[in-house]
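**Student:** If you scroll down you'll find the structure; I have some questions about it.
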Amino acid sequence: MKKILFLIHDLGQGGAEKVLVNLVNNMDHSKFDISVTVLFGGGVNEQFLAPDIHFHTVFPKEVPGNSKLMKLLTPAQLHRMCVKEHYDIEVSYLEGPSARVISGCQSKDTKLVCWIHSTISNIENAASSFRSIQEAQTCYNRFNQIVCVSKCIKQNFLRVFPEQSNLIVLYNTIESQKVLEQSGLPIPDGLFRINEIKIIAVGSMKVVKAFDRLIRIHDRLRRSGYPVHTYFLGIGPDLEKLQNQVALLNQNNSITFLGYETNPYRYVAKSDLFVCCSLSEGFSTAATEALIVGTPVCTVEVSGMEEMLGEHNEWGIVTENNEEALYQGIKDLLCHPDKLAHYREKAIERGKAFSTKETVCAVEKFFETLVEENKK
């Protein structure tokens with residue numbers, strides 16, 4: 001049995017955190033002895049780990065200023081503090097702090113893997129969790145394999161680290177059957193009104209999600225006579241700021257913040273349109289889940305969306321990444337109900353491509369091949 005450690009910052013509400021739980025729960029536990037360690041405990045996704053996954057926390061909750069504190073220690077010192085056992089494979093399931101920790105592994109027969117979920121677009125961005133760009137380069141060089149969640153993520157990583165040659169693409173694991181089953185459950189009575197066009201957005205309430213853009217777009221649509229109601233699923237540091245923005249625009253009756261939901265799929269499935277307005281994404285879990293439940297997707301151009309929806313908008317609408325382009329894209333769909341209906345059918349078609357079995361099998365095969373290299 002192959003012994004694998006996955007290290008991640010935390011198991012909060014984010015997409016990477018969610019797909020890590022999906023992945024480890026669905027791997028073959030007769031072949032893989034799996035441990036998940038978080039730097040900081042208390043995340044909402046901890047509760048969903050399968051009972052035979054070994055779960056560990058380094059700190060019970062997030063420590064203020066932890067990024068600066070961690071830089072006081074070397075990667076090797078951090079590794080000794082965070083990893084207490086020997087593993088065949090150690091995985092940093094996010095770029096940044098966890099990558100710095102795993103790169104400090106001193107065991108010569110342990111394979112090191114780093115998953116890249118976010119767009120690393122420049123040197124400053126790449127080095128933010130490291131002491132310097134030189135340390136970032138040294139750390140990433142320590143990995144036997146770097147896994148990117150989309151082709152676009154891989155291309156961007158190579159622009160910053162062009163000398164890296166050990167990159168592959170593996171798509172995120174979505175529990176598609178579970179998503180479909182839970183999407184059929186009812187939502188609270190009276191929440192969705194029959195005479196309104198229901199737009200939904202899902203994600204953490206933070207700057208990178210750019211929900212302020214969708215709020216302004218919603219306001220323009222309402223003032224132009226479109227009976228839209230926008231729903232936001234998620235929590236985060238910008239929630240109060242976004243709520244204040246809605247109040248200033250006098251749109252409290254047509255914009256609803258639903259908070260964090262363990263079953264967001266029932267809301268997404270019953271919405272008319274899923275919108276992604278982010279400044280940056282990896283390979284959007286929320287958009288993938290929207291396709292699985294058959295909800296049309298309109299998104300700005302961020303990493304992975306063309307792979308997901310097609311270069312020519314075969315399965316959904318991808319606009320330029322600016323507010324005006326997204327407004328026009330949404331407006332066009334609202335003006336043409338036949339087009340919206342067409343993309344509902346295409347969403348159902350495309351959603352079938354993201355089966356749990358295929359993505360998990362690809363990761364398992366990757367791990368088995370990696371370990372076999374040690375035996376040659």
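As shown in the structure tokens, the chain order sets the letters A, B, ...; within each chain, residues go from 1, and ligands are also counted from 1 in the order they appear.
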Which of region 88-297 of chain A counts as strand (DSSP E) under DSSP, as number ranges by chain please?

**Tutor:** A: 89-92, 111-116, 145-148, 167-169, 197-202, 228-233, 255-259, 273-276, 297

**Student:** At a cut-off of 8 Å, can you tabulate as CSV every residue of region 165-212 of chain A near region 332-356 of chain A together with its closest atom pair and the distance in Å to one decimal, using only C-alpha atoms and ordering rows by chain then number?

**Tutor:**
residue,atom,partner,partner_atom,distance
A:Thr173,CA,A:Thr356,CA,5.8
A:Ile174,CA,A:Thr356,CA,5.6
A:Glu175,CA,A:Thr356,CA,5.4
A:Ser176,CA,A:Ser355,CA,5.9
A:Gln177,CA,A:Thr356,CA,7.9

**Student:** Mind dumping the selected residues with N, CA and C atoms as a PDB file, in the first residue's frame?

**Tutor:**
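Result file is selection-v9.pdb:
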ATOM      1  N   THR A 173     -11.332  16.877  -9.205  1.00  0.00           N
ATOM      2  CA  THR A 173     -12.333  15.830  -8.970  1.00  0.00           C
ATOM      3  C   THR A 173     -13.612  16.434  -8.402  1.00  0.00           C
ATOM      4  N   ILE A 174     -14.694  16.187  -9.093  1.00  0.00           N
ATOM      5  CA  ILE A 174     -16.025  16.612  -8.644  1.00  0.00           C
ATOM      6  C   ILE A 174     -16.844  15.352  -8.371  1.00  0.00           C
ATOM      7  N   GLU A 175     -17.533  15.302  -7.250  1.00  0.00           N
ATOM      8  CA  GLU A 175     -18.396  14.161  -6.966  1.00  0.00           C
ATOM      9  C   GLU A 175     -19.709  14.350  -7.721  1.00  0.00           C
ATOM     10  N   SER A 176     -19.646  14.047  -9.021  1.00  0.00           N
ATOM     11  CA  SER A 176     -20.738  14.396  -9.927  1.00  0.00           C
ATOM     12  C   SER A 176     -22.073  13.748  -9.541  1.00  0.00           C
ATOM     13  N   GLN A 177     -22.042  12.489  -9.124  1.00  0.00           N
ATOM     14  CA  GLN A 177     -23.298  11.828  -8.763  1.00  0.00           C
ATOM     15  C   GLN A 177     -23.904  12.455  -7.513  1.00  0.00           C
TER      16      GLN A 177
END

**Student:** Using 10 Å as the limit and counting only C-alpha atoms, can you tabulate each residue of region 23-77 of chain A that touches region 94-112 of chain A, with its shortest atom-to-atom distance in Å and the two atoms involved, as a Markdown table?

**Tutor:**
| residue | atom | partner | partner_atom | distance |
| --- | --- | --- | --- | --- |
| A:Thr37 | CA | A:Ser98 | CA | 10.0 |
| A:Val38 | CA | A:Ser98 | CA | 8.8 |
| A:Leu39 | CA | A:Ser98 | CA | 7.9 |
| A:Asn66 | CA | A:Pro97 | CA | 9.6 |
| A:Ser67 | CA | A:Pro97 | CA | 7.4 |
| A:Met70 | CA | A:Pro97 | CA | 8.0 |
| A:Lys71 | CA | A:Pro97 | CA | 9.1 |
| A:Leu73 | CA | A:Val101 | CA | 9.8 |
| A:Thr74 | CA | A:Gly104 | CA | 7.7 |
| A:Pro75 | CA | A:Gly104 | CA | 4.3 |
| A:Ala76 | CA | A:Gly104 | CA | 3.9 |
| A:Gln77 | CA | A:Gly104 | CA | 7.3 |

**Student:** Selected residues, N, CA and C atoms, written as a PDB file, in the first residue's frame, please.

**Tutor:**
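Result file follows (selection-v2.pdb):
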ATOM      1  N   THR A  37      -3.085  16.668   6.082  1.00  0.00           N
ATOM      2  CA  THR A  37      -2.646  17.566   7.145  1.00  0.00           C
ATOM      3  C   THR A  37      -2.948  19.001   6.738  1.00  0.00           C
ATOM      4  N   VAL A  38      -3.528  19.765   7.644  1.00  0.00           N
ATOM      5  CA  VAL A  38      -3.772  21.185   7.395  1.00  0.00           C
ATOM      6  C   VAL A  38      -2.862  21.999   8.304  1.00  0.00           C
ATOM      7  N   LEU A  39      -2.377  23.118   7.787  1.00  0.00           N
ATOM      8  CA  LEU A  39      -1.578  24.002   8.627  1.00  0.00           C
ATOM      9  C   LEU A  39      -2.452  24.613   9.721  1.00  0.00           C
ATOM     10  N   ASN A  66       0.511  34.708  10.052  1.00  0.00           N
ATOM     11  CA  ASN A  66       1.204  33.420   9.922  1.00  0.00           C
ATOM     12  C   ASN A  66       2.183  33.377   8.764  1.00  0.00           C
ATOM     13  N   SER A  67       1.886  34.103   7.683  1.00  0.00           N
ATOM     14  CA  SER A  67       2.780  34.080   6.520  1.00  0.00           C
ATOM     15  C   SER A  67       4.162  34.621   6.872  1.00  0.00           C
ATOM     16  N   MET A  70       5.981  32.158   9.312  1.00  0.00           N
ATOM     17  CA  MET A  70       6.499  30.965   8.655  1.00  0.00           C
ATOM     18  C   MET A  70       7.798  31.247   7.916  1.00  0.00           C
ATOM     19  N   LYS A  71       7.957  32.464   7.429  1.00  0.00           N
ATOM     20  CA  LYS A  71       9.178  32.816   6.710  1.00  0.00           C
ATOM     21  C   LYS A  71      10.394  32.915   7.628  1.00  0.00           C
ATOM     22  N   LEU A  73      11.281  30.559   9.514  1.00  0.00           N
ATOM     23  CA  LEU A  73      11.854  29.222   9.497  1.00  0.00           C
ATOM     24  C   LEU A  73      12.200  28.805   8.075  1.00  0.00           C
ATOM     25  N   THR A  74      13.187  27.940   7.942  1.00  0.00           N
ATOM     26  CA  THR A  74      13.548  27.410   6.626  1.00  0.00           C
ATOM     27  C   THR A  74      12.531  26.342   6.228  1.00  0.00           C
ATOM     28  N   PRO A  75      12.458  25.987   4.944  1.00  0.00           N
ATOM     29  CA  PRO A  75      11.565  24.895   4.531  1.00  0.00           C
ATOM     30  C   PRO A  75      11.838  23.595   5.288  1.00  0.00           C
ATOM     31  N   ALA A  76      13.104  23.279   5.521  1.00  0.00           N
ATOM     32  CA  ALA A  76      13.443  22.045   6.246  1.00  0.00           C
ATOM     33  C   ALA A  76      12.932  22.092   7.687  1.00  0.00           C
ATOM     34  N   GLN A  77      13.061  23.243   8.339  1.00  0.00           N
ATOM     35  CA  GLN A  77      12.566  23.385   9.711  1.00  0.00           C
ATOM     36  C   GLN A  77      11.039  23.283   9.758  1.00  0.00           C
TER      37      GLN A  77
END

**Student:** Residues near region 361-372 of chain A, anyone? I mean within 10 Å using only C-alpha atoms, not counting same-chain ones fewer than 6 positions away, as a count of residues only.

**Tutor:** 23

**Student:** Going by DSSP on the backbone, which bits of region 69-231 of chain A are alpha helix (DSSP H)? Write them as a PyMOL selection string, please.

**Tutor:** chain A and resi 69-70+75-82+97-102+123-126+133-141+151-160+176-183+211-223

**Student:** Using only C-alpha atoms, pick whichever of A:Asn45, A:Gln328, A:Ser280, A:Ser132 has the shortest atom-to-atom distance to Ala16 (chain A).

**Tutor:**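 Using only C-alpha atoms, the shortest distance to Ala16 (chain A) belongs to A:Asn45.
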
**Student:** Tell me which protein, DNA and RNA residues are within 10 Å of Val160 (chain A), counting only C-alpha atoms, leaving out same-chain ones fewer than 6 positions away, and put them as a list in words.

**Tutor:**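 Listed by chain and then number, they are Ile120, Ser121, Asn122, Ile123, Glu124, Asn125, Ala126 and Gln137 of chain A.
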
**Student:** Excluding Glu306 (chain A) and residues on its chain fewer than 3 positions from it, collect all residues at most 12 Å away from it, counting only C-alpha atoms, and give them as number ranges by chain.

**Tutor:** A: 150-152, 282-284, 287, 297-303, 309-320

**Student:** Need to verify the contact set: Glu324 (chain A), 12 Å, only C-alpha atoms, exclusion of same-chain residues closer than 3 positions in sequence. Can you return it as JSON, numbers by chain?

**Tutor:** {"A": [213, 214, 216, 217, 218, 220, 221, 277, 300, 319, 320, 321, 327, 328, 329, 330, 331]}

**Student:** Write out as number ranges by chain each polymer residue whose atoms come within 10 Å of Asn195 (chain A), counting only C-alpha atoms; drop sequence neighbours fewer than 6 positions from it.

**Tutor:** A: 227-229

**Student:** Pick the closest to His79 (chain A) from A:Leu7, A:Ser204, A:Glu17, A:Asn22: which is it, counting only C-alpha atoms?

**Tutor:**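 The answer is A:Leu7, which sits nearest to His79 (chain A).
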
**Student:** CA of Asp272 (chain A) to CA of Ser254 (chain A): how many Å, to one decimal?

**Tutor:**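 So the answer is 14.8 Å.
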